[in-house]
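One structure is given below, encoded as structure tokens.
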Amino acid sequence: SELRHPTAPTSLGRSYAEGKLIMPDFAKALAWYEEGLSRADPWGGTNAATLILLGKIPGMDSADAAVRAAKAAALKTESARRAALGQLGELSKKDLARGLQRLLAEMGQPVTADGVAGQQTAEAIIDVYGALVSLETKNDIQNALLRVAETYWNTSNVRVDLN
């Protein structure tokens, strides 16, 4: 991991989550999963979302999981993408909208994460993604979240082709 291998942090996270090194430490597992995701390892995002959805991370909720799952699904590793899409499919429309708003805020947009995908959210999507998208149904919001996550990776300095 110190040598910047893209998938090493996720492997370390899995060791902490499964208690292979010591007793399970979900906070350390999440930190390593997020480091892996920051290096474009989609399993880092999918595994982080799993810990959050299982309630293993105090202070984090389904919208936080949505952000990580969307980032993972926007990467091209098919097995991780399927797992992340499955996670997103289990979330409510409101949780997806809050996740979308949190990702937009992470990308510098002045959006309130209230779970209501209204005008403010639509304008932020246009600023980030460059196009108007529908936000009426749960599937619309999930698709918007995925488009914004793709834009997140396209505008990052991360080599997404290394995984």
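Identifiers in this document derive from the order of the structure tokens: chains are assigned A, B, ..., residues are numbered from 1 separately in each chain, and ligands are numbered from 1 in order of occurrence.
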
Taking 2 positions as the minimum chain separation for residues in the same chain, which residues sit within 7 Å of stretch 54-66 of chain A when counting only C-alpha atoms? Answer as number ranges by chain. A: 26-27, 49-52, 68-70, 88, 95-96, 98-99

Need the shell around A:Lys71: protein/DNA/RNA residues with any atom at most 7 Å away, counting only C-alpha atoms. Skip same-chain ones fewer than 3 positions apart. Format as a count of residues only? 6

Of the candidates A:Gln142, A:Thr151, A:Val158, A:Ala117, which one gets nearest to A:Leu37 if we count only C-alpha atoms? A:Val158

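Candidate residues A:Gln101, A:Glu123, A:Val116, A:Leu30 were compared for distance to A:Ser15, and the nearest is A:Leu30, using only C-alpha atoms.
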
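When atom CA of A:Ala131 is paired with atom CA of A:Arg81, their separation reads 23.5 Å.
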
Using only C-alpha atoms, which protein or nucleic acid residues come within 12 Å of A:Glu150? Drop anything in the same chain fewer than 3 positions from it, and give the result as a ChimeraX atom specification. /A:40,67,69-76,103-104,107,128-129,143-147,153-156,160

Print the selection's residues with N, CA and C atoms to a file, as a compact mmCIF listing (two decimals), in the first residue's frame.
# COMPACT_ATOMS: atom_id res chain seq x y z
N ALA A 40 -9.17 4.24 -7.12
CA ALA A 40 -10.04 3.68 -8.16
C ALA A 40 -10.19 2.17 -8.07
N VAL A 67 -22.99 7.08 -1.94
CA VAL A 67 -21.87 7.77 -2.59
C VAL A 67 -20.77 6.77 -2.93
N ALA A 69 -20.96 3.43 -3.17
CA ALA A 69 -21.41 2.44 -4.15
C ALA A 69 -21.47 3.04 -5.55
N ALA A 70 -21.91 4.28 -5.66
CA ALA A 70 -21.97 4.93 -6.98
C ALA A 70 -20.58 5.11 -7.57
N LYS A 71 -19.63 5.53 -6.74
CA LYS A 71 -18.25 5.66 -7.24
C LYS A 71 -17.73 4.30 -7.70
N ALA A 72 -18.04 3.25 -6.96
CA ALA A 72 -17.60 1.90 -7.35
C ALA A 72 -18.29 1.47 -8.64
N ALA A 73 -19.59 1.72 -8.76
CA ALA A 73 -20.34 1.30 -9.95
C ALA A 73 -19.89 2.05 -11.19
N ALA A 74 -19.36 3.25 -11.03
CA ALA A 74 -18.91 4.04 -12.17
C ALA A 74 -17.58 3.55 -12.74
N LEU A 75 -16.92 2.68 -12.01
CA LEU A 75 -15.68 2.09 -12.51
C LEU A 75 -16.02 0.84 -13.32
N LYS A 76 -15.11 0.34 -14.08
CA LYS A 76 -15.44 -0.66 -15.09
C LYS A 76 -15.15 -2.11 -14.71
N LEU A 103 -22.59 13.72 -3.02
CA LEU A 103 -21.53 13.63 -4.03
C LEU A 103 -21.39 14.96 -4.76
N LEU A 104 -22.49 15.59 -5.09
CA LEU A 104 -22.42 16.91 -5.72
C LEU A 104 -21.71 17.91 -4.81
N MET A 107 -18.12 17.51 -4.82
CA MET A 107 -17.55 18.03 -6.06
C MET A 107 -17.66 19.56 -6.14
N VAL A 128 -22.15 20.05 -13.10
CA VAL A 128 -21.14 18.99 -13.00
C VAL A 128 -21.15 18.09 -14.24
N TYR A 129 -22.31 17.62 -14.61
CA TYR A 129 -22.45 16.62 -15.67
C TYR A 129 -22.58 17.26 -17.05
N ASN A 143 -29.76 6.80 -11.76
CA ASN A 143 -29.01 7.06 -12.99
C ASN A 143 -28.26 8.38 -12.91
N ALA A 144 -28.88 9.41 -12.33
CA ALA A 144 -28.20 10.69 -12.15
C ALA A 144 -26.99 10.52 -11.25
N LEU A 145 -27.15 9.77 -10.17
CA LEU A 145 -26.05 9.52 -9.25
C LEU A 145 -24.90 8.83 -9.99
N LEU A 146 -25.21 7.87 -10.83
CA LEU A 146 -24.16 7.17 -11.58
C LEU A 146 -23.47 8.09 -12.58
N ARG A 147 -24.24 8.98 -13.25
CA ARG A 147 -23.64 9.92 -14.21
C ARG A 147 -22.70 10.89 -13.48
N TRP A 153 -14.99 10.59 -11.56
CA TRP A 153 -13.77 9.90 -11.97
C TRP A 153 -13.14 10.56 -13.19
N ASN A 154 -13.95 11.02 -14.13
CA ASN A 154 -13.42 11.64 -15.34
C ASN A 154 -12.69 12.94 -15.05
N THR A 155 -13.04 13.60 -13.97
CA THR A 155 -12.40 14.87 -13.63
C THR A 155 -11.34 14.72 -12.53
N SER A 156 -11.11 13.49 -12.09
CA SER A 156 -10.10 13.26 -11.05
C SER A 156 -8.74 13.05 -11.69
N VAL A 160 -7.85 5.45 -13.44
CA VAL A 160 -8.91 4.46 -13.26
C VAL A 160 -8.66 3.20 -14.08

Point-to-point distance in Å for atom CA of A:Tyr33 and atom CA of A:Pro9: 6.2 Å

Can you list, as a PDB file with N, CA and C atoms, in the first residue's frame, every protein, DNA or RNA residue that comes within 8 Å of A:Gly36 when you count only C-alpha atoms, leaving out same-chain residues fewer than 5 positions away?
ATOM      1  N   PRO A   6      -2.840   0.037  -6.353  1.00  0.00           N
ATOM      2  CA  PRO A   6      -4.249   0.457  -6.299  1.00  0.00           C
ATOM      3  C   PRO A   6      -5.172  -0.433  -5.482  1.00  0.00           C
ATOM      4  N   THR A   7      -4.905  -1.721  -5.393  1.00  0.00           N
ATOM      5  CA  THR A   7      -5.825  -2.599  -4.669  1.00  0.00           C
ATOM      6  C   THR A   7      -5.331  -3.027  -3.287  1.00  0.00           C
ATOM      7  N   ALA A   8      -4.108  -2.679  -2.944  1.00  0.00           N
ATOM      8  CA  ALA A   8      -3.560  -3.080  -1.642  1.00  0.00           C
ATOM      9  C   ALA A   8      -4.377  -2.545  -0.469  1.00  0.00           C
ATOM     10  N   PRO A   9      -4.817  -1.293  -0.481  1.00  0.00           N
ATOM     11  CA  PRO A   9      -5.589  -0.815   0.673  1.00  0.00           C
ATOM     12  C   PRO A   9      -6.880  -1.607   0.901  1.00  0.00           C
ATOM     13  N   THR A  10      -7.546  -1.982  -0.178  1.00  0.00           N
ATOM     14  CA  THR A  10      -8.780  -2.752  -0.027  1.00  0.00           C
ATOM     15  C   THR A  10      -8.491  -4.110   0.600  1.00  0.00           C
ATOM     16  N   ASP A  41     -10.086   1.620  -6.864  1.00  0.00           N
ATOM     17  CA  ASP A  41     -10.391   0.207  -6.672  1.00  0.00           C
ATOM     18  C   ASP A  41     -11.880   0.130  -6.316  1.00  0.00           C
ATOM     19  N   PRO A  42     -12.719  -0.370  -7.230  1.00  0.00           N
ATOM     20  CA  PRO A  42     -14.155  -0.368  -6.968  1.00  0.00           C
ATOM     21  C   PRO A  42     -14.555  -1.225  -5.772  1.00  0.00           C
ATOM     22  N   TRP A  43     -13.790  -2.264  -5.476  1.00  0.00           N
ATOM     23  CA  TRP A  43     -14.124  -3.089  -4.311  1.00  0.00           C
ATOM     24  C   TRP A  43     -13.957  -2.310  -3.016  1.00  0.00           C
ATOM     25  N   GLY A  44     -13.077  -1.321  -3.000  1.00  0.00           N
ATOM     26  CA  GLY A  44     -12.975  -0.461  -1.831  1.00  0.00           C
ATOM     27  C   GLY A  44     -14.296   0.252  -1.569  1.00  0.00           C
ATOM     28  N   GLY A  45     -14.909   0.774  -2.627  1.00  0.00           N
ATOM     29  CA  GLY A  45     -16.194   1.454  -2.482  1.00  0.00           C
ATOM     30  C   GLY A  45     -17.318   0.515  -2.123  1.00  0.00           C
TER      31      GLY A  45
END

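In this comparison, which uses only C-alpha atoms, the residue of A:Leu100, A:Ala29, A:Ala84, A:Ile126 approaching A:Ile141 most closely is A:Leu100.
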
I want to know what sits within 10 Å of A:Pro24, based on only C-alpha atoms, with residues of the same chain fewer than 6 positions away left out; could you give that as a CSV table (one decimal) with C-alpha atoms, in the first residue's frame?
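Output below, filename out-v1.csv:
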chain,number,residue,atom,x,y,z
A,14,ARG,CA,-10.8,-6.7,4.2
A,15,SER,CA,-8.2,-8.1,6.7
A,16,TYR,CA,-9.4,-5.6,9.4
A,17,ALA,CA,-13.1,-6.2,8.6
A,18,GLU,CA,-12.8,-10.0,8.8

Could you pull out the alpha helix (DSSP H) residues of stretch 21-77 of chain A, going by DSSP on the backbone, and write them as an mmCIF file with all heavy atoms, in the first residue's frame?
data_model
loop_
_atom_site.group_PDB
_atom_site.id
_atom_site.type_symbol
_atom_site.label_atom_id
_atom_site.label_comp_id
_atom_site.auth_asym_id
_atom_site.auth_seq_id
_atom_site.Cartn_x
_atom_site.Cartn_y
_atom_site.Cartn_z
ATOM 1 N N PHE A 26 -13.760 -2.182 12.377
ATOM 2 C CA PHE A 26 -14.500 -1.678 11.229
ATOM 3 C C PHE A 26 -14.103 -0.257 10.858
ATOM 4 O O PHE A 26 -14.136 0.098 9.678
ATOM 5 C CB PHE A 26 -16.004 -1.798 11.480
ATOM 6 C CG PHE A 26 -16.439 -3.212 11.695
ATOM 7 C CD1 PHE A 26 -16.989 -3.615 12.901
ATOM 8 C CD2 PHE A 26 -16.260 -4.172 10.704
ATOM 9 C CE1 PHE A 26 -17.373 -4.919 13.107
ATOM 10 C CE2 PHE A 26 -16.630 -5.496 10.902
ATOM 11 C CZ PHE A 26 -17.190 -5.866 12.107
ATOM 12 N N ALA A 27 -13.695 0.545 11.810
ATOM 13 C CA ALA A 27 -13.242 1.905 11.500
ATOM 14 C C ALA A 27 -11.965 1.865 10.669
ATOM 15 O O ALA A 27 -11.832 2.590 9.674
ATOM 16 C CB ALA A 27 -13.034 2.710 12.778
ATOM 17 N N LYS A 28 -11.018 1.001 11.056
ATOM 18 C CA LYS A 28 -9.787 0.868 10.264
ATOM 19 C C LYS A 28 -10.086 0.241 8.908
ATOM 20 O O LYS A 28 -9.496 0.642 7.901
ATOM 21 C CB LYS A 28 -8.752 0.033 11.018
ATOM 22 C CG LYS A 28 -8.088 0.793 12.141
ATOM 23 C CD LYS A 28 -6.992 -0.020 12.794
ATOM 24 C CE LYS A 28 -6.372 0.780 13.928
ATOM 25 N NZ LYS A 28 -5.333 0.020 14.626
ATOM 26 N N ALA A 29 -11.007 -0.717 8.884
ATOM 27 C CA ALA A 29 -11.384 -1.324 7.604
ATOM 28 C C ALA A 29 -11.945 -0.257 6.670
ATOM 29 O O ALA A 29 -11.562 -0.187 5.493
ATOM 30 C CB ALA A 29 -12.406 -2.430 7.824
ATOM 31 N N LEU A 30 -12.836 0.587 7.193
ATOM 32 C CA LEU A 30 -13.410 1.645 6.361
ATOM 33 C C LEU A 30 -12.334 2.585 5.850
ATOM 34 O O LEU A 30 -12.335 2.955 4.665
ATOM 35 C CB LEU A 30 -14.465 2.433 7.140
ATOM 36 C CG LEU A 30 -15.095 3.588 6.361
ATOM 37 C CD1 LEU A 30 -15.963 3.054 5.223
ATOM 38 C CD2 LEU A 30 -15.902 4.485 7.275
ATOM 39 N N ALA A 31 -11.399 2.957 6.704
ATOM 40 C CA ALA A 31 -10.328 3.863 6.275
ATOM 41 C C ALA A 31 -9.523 3.260 5.126
ATOM 42 O O ALA A 31 -9.209 3.938 4.141
ATOM 43 C CB ALA A 31 -9.420 4.208 7.453
ATOM 44 N N TRP A 32 -9.218 1.966 5.222
ATOM 45 C CA TRP A 32 -8.473 1.312 4.145
ATOM 46 C C TRP A 32 -9.329 1.150 2.893
ATOM 47 O O TRP A 32 -8.842 1.336 1.775
ATOM 48 C CB TRP A 32 -7.921 -0.032 4.607
ATOM 49 C CG TRP A 32 -6.700 0.115 5.464
ATOM 50 C CD1 TRP A 32 -6.586 -0.192 6.790
ATOM 51 C CD2 TRP A 32 -5.423 0.604 5.057
ATOM 52 N NE1 TRP A 32 -5.309 0.094 7.221
ATOM 53 C CE2 TRP A 32 -4.578 0.586 6.186
ATOM 54 C CE3 TRP A 32 -4.911 1.075 3.848
ATOM 55 C CZ2 TRP A 32 -3.248 1.003 6.131
ATOM 56 C CZ3 TRP A 32 -3.591 1.498 3.791
ATOM 57 C CH2 TRP A 32 -2.774 1.458 4.922
ATOM 58 N N TYR A 33 -10.600 0.805 3.060
ATOM 59 C CA TYR A 33 -11.483 0.704 1.901
ATOM 60 C C TYR A 33 -11.564 2.044 1.172
ATOM 61 O O TYR A 33 -11.535 2.099 -0.060
ATOM 62 C CB TYR A 33 -12.893 0.265 2.309
ATOM 63 C CG TYR A 33 -13.022 -1.182 2.706
ATOM 64 C CD1 TYR A 33 -14.003 -1.571 3.603
ATOM 65 C CD2 TYR A 33 -12.199 -2.174 2.186
ATOM 66 C CE1 TYR A 33 -14.159 -2.896 3.978
ATOM 67 C CE2 TYR A 33 -12.330 -3.496 2.556
ATOM 68 C CZ TYR A 33 -13.322 -3.855 3.453
ATOM 69 O OH TYR A 33 -13.469 -5.174 3.813
ATOM 70 N N GLU A 34 -11.674 3.121 1.932
ATOM 71 C CA GLU A 34 -11.774 4.426 1.298
ATOM 72 C C GLU A 34 -10.470 4.811 0.613
ATOM 73 O O GLU A 34 -10.494 5.447 -0.441
ATOM 74 C CB GLU A 34 -12.227 5.473 2.311
ATOM 75 C CG GLU A 34 -13.673 5.219 2.690
ATOM 76 C CD GLU A 34 -14.325 6.341 3.448
ATOM 77 O OE1 GLU A 34 -13.623 7.123 4.120
ATOM 78 O OE2 GLU A 34 -15.562 6.431 3.359
ATOM 79 N N GLU A 35 -9.343 4.412 1.170
ATOM 80 C CA GLU A 35 -8.066 4.639 0.489
ATOM 81 C C GLU A 35 -8.035 3.852 -0.820
ATOM 82 O O GLU A 35 -7.589 4.367 -1.848
ATOM 83 C CB GLU A 35 -6.888 4.249 1.391
ATOM 84 C CG GLU A 35 -5.531 4.434 0.740
ATOM 85 C CD GLU A 35 -5.194 5.874 0.380
ATOM 86 O OE1 GLU A 35 -5.724 6.799 1.014
ATOM 87 O OE2 GLU A 35 -4.381 6.057 -0.553
ATOM 88 N N GLY A 36 -8.512 2.616 -0.789
ATOM 89 C CA GLY A 36 -8.573 1.833 -2.025
ATOM 90 C C GLY A 36 -9.481 2.491 -3.052
ATOM 91 O O GLY A 36 -9.131 2.602 -4.234
ATOM 92 N N LEU A 37 -10.643 2.954 -2.630
ATOM 93 C CA LEU A 37 -11.550 3.631 -3.547
ATOM 94 C C LEU A 37 -10.913 4.892 -4.111
ATOM 95 O O LEU A 37 -11.053 5.181 -5.302
ATOM 96 C CB LEU A 37 -12.878 3.964 -2.851
ATOM 97 C CG LEU A 37 -13.927 4.668 -3.714
ATOM 98 C CD1 LEU A 37 -14.316 3.818 -4.925
ATOM 99 C CD2 LEU A 37 -15.151 5.012 -2.875
ATOM 100 N N SER A 38 -10.173 5.615 -3.287
ATOM 101 C CA SER A 38 -9.508 6.834 -3.777
ATOM 102 C C SER A 38 -8.484 6.513 -4.864
ATOM 103 O O SER A 38 -8.123 7.385 -5.646
ATOM 104 C CB SER A 38 -8.847 7.589 -2.626
ATOM 105 O OG SER A 38 -7.629 6.984 -2.237
ATOM 106 N N PRO A 42 -12.719 -0.370 -7.230
ATOM 107 C CA PRO A 42 -14.155 -0.368 -6.968
ATOM 108 C C PRO A 42 -14.555 -1.225 -5.772
ATOM 109 O O PRO A 42 -15.545 -0.931 -5.109
ATOM 110 C CB PRO A 42 -14.758 -0.900 -8.265
ATOM 111 C CG PRO A 42 -13.656 -1.677 -8.902
ATOM 112 C CD PRO A 42 -12.393 -0.980 -8.512
ATOM 113 N N TRP A 43 -13.790 -2.264 -5.476
ATOM 114 C CA TRP A 43 -14.124 -3.089 -4.311
ATOM 115 C C TRP A 43 -13.957 -2.310 -3.016
ATOM 116 O O TRP A 43 -14.641 -2.573 -2.028
ATOM 117 C CB TRP A 43 -13.325 -4.383 -4.298
ATOM 118 C CG TRP A 43 -13.858 -5.353 -5.298
ATOM 119 C CD1 TRP A 43 -13.260 -5.750 -6.456
ATOM 120 C CD2 TRP A 43 -15.130 -6.011 -5.255
ATOM 121 N NE1 TRP A 43 -14.084 -6.618 -7.128
ATOM 122 C CE2 TRP A 43 -15.240 -6.798 -6.412
ATOM 123 C CE3 TRP A 43 -16.184 -6.005 -4.354
ATOM 124 C CZ2 TRP A 43 -16.356 -7.579 -6.690
ATOM 125 C CZ3 TRP A 43 -17.304 -6.781 -4.626
ATOM 126 C CH2 TRP A 43 -17.378 -7.563 -5.784
ATOM 127 N N GLY A 44 -13.077 -1.321 -3.000
ATOM 128 C CA GLY A 44 -12.975 -0.461 -1.831
ATOM 129 C C GLY A 44 -14.296 0.252 -1.569
ATOM 130 O O GLY A 44 -14.772 0.309 -0.435
ATOM 131 N N GLY A 45 -14.909 0.774 -2.627
ATOM 132 C CA GLY A 45 -16.194 1.454 -2.482
ATOM 133 C C GLY A 45 -17.318 0.515 -2.123
ATOM 134 O O GLY A 45 -18.151 0.810 -1.255
ATOM 135 N N THR A 46 -17.359 -0.635 -2.772
ATOM 136 C CA THR A 46 -18.416 -1.598 -2.508
ATOM 137 C C THR A 46 -18.312 -2.129 -1.080
ATOM 138 O O THR A 46 -19.317 -2.220 -0.365
ATOM 139 C CB THR A 46 -18.339 -2.763 -3.521
ATOM 140 O OG1 THR A 46 -18.426 -2.222 -4.845
ATOM 141 C CG2 THR A 46 -19.459 -3.751 -3.323
ATOM 142 N N ASN A 47 -17.103 -2.449 -0.650
ATOM 143 C CA ASN A 47 -16.914 -2.952 0.712
ATOM 144 C C ASN A 47 -17.204 -1.883 1.755
ATOM 145 O O ASN A 47 -17.788 -2.172 2.813
ATOM 146 C CB ASN A 47 -15.497 -3.503 0.884
ATOM 147 C CG ASN A 47 -15.252 -4.743 0.056
ATOM 148 O OD1 ASN A 47 -16.171 -5.367 -0.453
ATOM 149 N ND2 ASN A 47 -13.994 -5.097 -0.103
ATOM 150 N N ALA A 48 -16.824 -0.641 1.486
ATOM 151 C CA ALA A 48 -17.132 0.454 2.407
ATOM 152 C C ALA A 48 -18.646 0.620 2.525
ATOM 153 O O ALA A 48 -19.179 0.762 3.631
ATOM 154 C CB ALA A 48 -16.488 1.753 1.925
ATOM 155 N N ALA A 49 -19.336 0.575 1.397
ATOM 156 C CA ALA A 49 -20.797 0.694 1.416
ATOM 157 C C ALA A 49 -21.416 -0.437 2.237
ATOM 158 O O ALA A 49 -22.365 -0.207 2.997
ATOM 159 C CB ALA A 49 -21.346 0.697 -0.004
ATOM 160 N N THR A 50 -20.881 -1.623 2.107
ATOM 161 C CA THR A 50 -21.399 -2.758 2.871
ATOM 162 C C THR A 50 -21.270 -2.512 4.368
ATOM 163 O O THR A 50 -22.225 -2.722 5.127
ATOM 164 C CB THR A 50 -20.678 -4.058 2.485
ATOM 165 O OG1 THR A 50 -20.950 -4.339 1.104
ATOM 166 C CG2 THR A 50 -21.118 -5.229 3.335
ATOM 167 N N LEU A 51 -20.083 -2.081 4.818
ATOM 168 C CA LEU A 51 -19.899 -1.805 6.252
ATOM 169 C C LEU A 51 -20.901 -0.763 6.740
ATOM 170 O O LEU A 51 -21.488 -0.909 7.814
ATOM 171 C CB LEU A 51 -18.483 -1.297 6.530
ATOM 172 C CG LEU A 51 -17.345 -2.296 6.523
ATOM 173 C CD1 LEU A 51 -16.039 -1.587 6.866
ATOM 174 C CD2 LEU A 51 -17.599 -3.429 7.502
ATOM 175 N N ILE A 52 -21.097 0.275 5.950
ATOM 176 C CA ILE A 52 -22.024 1.339 6.341
ATOM 177 C C ILE A 52 -23.450 0.808 6.390
ATOM 178 O O ILE A 52 -24.177 1.046 7.362
ATOM 179 C CB ILE A 52 -21.895 2.534 5.379
ATOM 180 C CG1 ILE A 52 -20.505 3.156 5.503
ATOM 181 C CG2 ILE A 52 -22.991 3.567 5.654
ATOM 182 C CD1 ILE A 52 -20.137 4.107 4.377
ATOM 183 N N LEU A 53 -23.848 0.065 5.372
ATOM 184 C CA LEU A 53 -25.215 -0.460 5.322
ATOM 185 C C LEU A 53 -25.491 -1.469 6.430
ATOM 186 O O LEU A 53 -26.634 -1.606 6.878
ATOM 187 C CB LEU A 53 -25.496 -1.079 3.951
ATOM 188 C CG LEU A 53 -25.570 -0.086 2.797
ATOM 189 C CD1 LEU A 53 -25.621 -0.813 1.463
ATOM 190 C CD2 LEU A 53 -26.761 0.853 2.965
ATOM 191 N N SER A 62 -27.150 5.508 5.021
ATOM 192 C CA SER A 62 -27.352 4.956 3.679
ATOM 193 C C SER A 62 -26.926 5.909 2.570
ATOM 194 O O SER A 62 -26.485 5.466 1.514
ATOM 195 C CB SER A 62 -28.816 4.566 3.489
ATOM 196 O OG SER A 62 -29.174 3.549 4.384
ATOM 197 N N ALA A 63 -27.052 7.199 2.792
ATOM 198 C CA ALA A 63 -26.604 8.162 1.779
ATOM 199 C C ALA A 63 -25.086 8.112 1.622
ATOM 200 O O ALA A 63 -24.565 8.223 0.509
ATOM 201 C CB ALA A 63 -27.070 9.565 2.140
ATOM 202 N N ASP A 64 -24.372 7.909 2.727
ATOM 203 C CA ASP A 64 -22.915 7.750 2.648
ATOM 204 C C ASP A 64 -22.566 6.488 1.865
ATOM 205 O O ASP A 64 -21.626 6.470 1.069
ATOM 206 C CB ASP A 64 -22.309 7.676 4.052
ATOM 207 C CG ASP A 64 -22.485 8.960 4.829
ATOM 208 O OD1 ASP A 64 -22.103 10.023 4.326
ATOM 209 O OD2 ASP A 64 -23.012 8.892 5.964
ATOM 210 N N ALA A 65 -23.320 5.438 2.106
ATOM 211 C CA ALA A 65 -23.116 4.198 1.357
ATOM 212 C C ALA A 65 -23.405 4.414 -0.122
ATOM 213 O O ALA A 65 -22.689 3.887 -0.988
ATOM 214 C CB ALA A 65 -24.002 3.089 1.920
ATOM 215 N N ALA A 66 -24.429 5.197 -0.430
ATOM 216 C CA ALA A 66 -24.798 5.460 -1.826
ATOM 217 C C ALA A 66 -23.649 6.132 -2.578
ATOM 218 O O ALA A 66 -23.365 5.777 -3.732
ATOM 219 C CB ALA A 66 -26.054 6.317 -1.896
ATOM 220 N N VAL A 67 -22.986 7.077 -1.941
ATOM 221 C CA VAL A 67 -21.866 7.766 -2.589
ATOM 222 C C VAL A 67 -20.771 6.767 -2.930
ATOM 223 O O VAL A 67 -20.262 6.728 -4.060
ATOM 224 C CB VAL A 67 -21.307 8.889 -1.687
ATOM 225 C CG1 VAL A 67 -20.006 9.454 -2.254
ATOM 226 C CG2 VAL A 67 -22.340 9.984 -1.500
ATOM 227 N N ARG A 68 -20.419 5.919 -1.983
ATOM 228 C CA ARG A 68 -19.335 4.965 -2.212
ATOM 229 C C ARG A 68 -19.721 3.913 -3.250
ATOM 230 O O ARG A 68 -18.930 3.553 -4.107
ATOM 231 C CB ARG A 68 -18.926 4.337 -0.881
ATOM 232 C CG ARG A 68 -18.129 5.333 -0.035
ATOM 233 C CD ARG A 68 -18.395 5.202 1.444
ATOM 234 N NE ARG A 68 -17.663 6.208 2.197
ATOM 235 C CZ ARG A 68 -18.131 7.436 2.460
ATOM 236 N NH1 ARG A 68 -19.312 7.807 2.019
ATOM 237 N NH2 ARG A 68 -17.420 8.293 3.150
ATOM 238 N N ALA A 69 -20.958 3.428 -3.169
ATOM 239 C CA ALA A 69 -21.415 2.439 -4.150
ATOM 240 C C ALA A 69 -21.474 3.043 -5.547
ATOM 241 O O ALA A 69 -21.110 2.382 -6.533
ATOM 242 C CB ALA A 69 -22.782 1.892 -3.737
ATOM 243 N N ALA A 70 -21.913 4.284 -5.663
ATOM 244 C CA ALA A 70 -21.972 4.931 -6.979
ATOM 245 C C ALA A 70 -20.583 5.110 -7.567
ATOM 246 O O ALA A 70 -20.367 4.857 -8.757
ATOM 247 C CB ALA A 70 -22.686 6.272 -6.870
ATOM 248 N N LYS A 71 -19.634 5.526 -6.742
ATOM 249 C CA LYS A 71 -18.254 5.659 -7.235
ATOM 250 C C LYS A 71 -17.734 4.305 -7.698
ATOM 251 O O LYS A 71 -17.048 4.209 -8.721
ATOM 252 C CB LYS A 71 -17.345 6.231 -6.148
ATOM 253 C CG LYS A 71 -17.564 7.708 -5.887
ATOM 254 C CD LYS A 71 -16.629 8.173 -4.767
ATOM 255 C CE LYS A 71 -16.789 9.632 -4.427
ATOM 256 N NZ LYS A 71 -15.871 10.039 -3.322
ATOM 257 N N ALA A 72 -18.043 3.248 -6.959
ATOM 258 C CA ALA A 72 -17.603 1.903 -7.346
ATOM 259 C C ALA A 72 -18.287 1.465 -8.640
ATOM 260 O O ALA A 72 -17.641 0.910 -9.535
ATOM 261 C CB ALA A 72 -17.910 0.911 -6.224
ATOM 262 N N ALA A 73 -19.585 1.719 -8.755
ATOM 263 C CA ALA A 73 -20.338 1.299 -9.947
ATOM 264 C C ALA A 73 -19.891 2.048 -11.189
ATOM 265 O O ALA A 73 -20.030 1.535 -12.301
ATOM 266 C CB ALA A 73 -21.833 1.494 -9.716
#

What does the distance between atom CA of A:Asn139 and atom CA of A:Leu91 come to in Å, to one decimal place? 10.7 Å
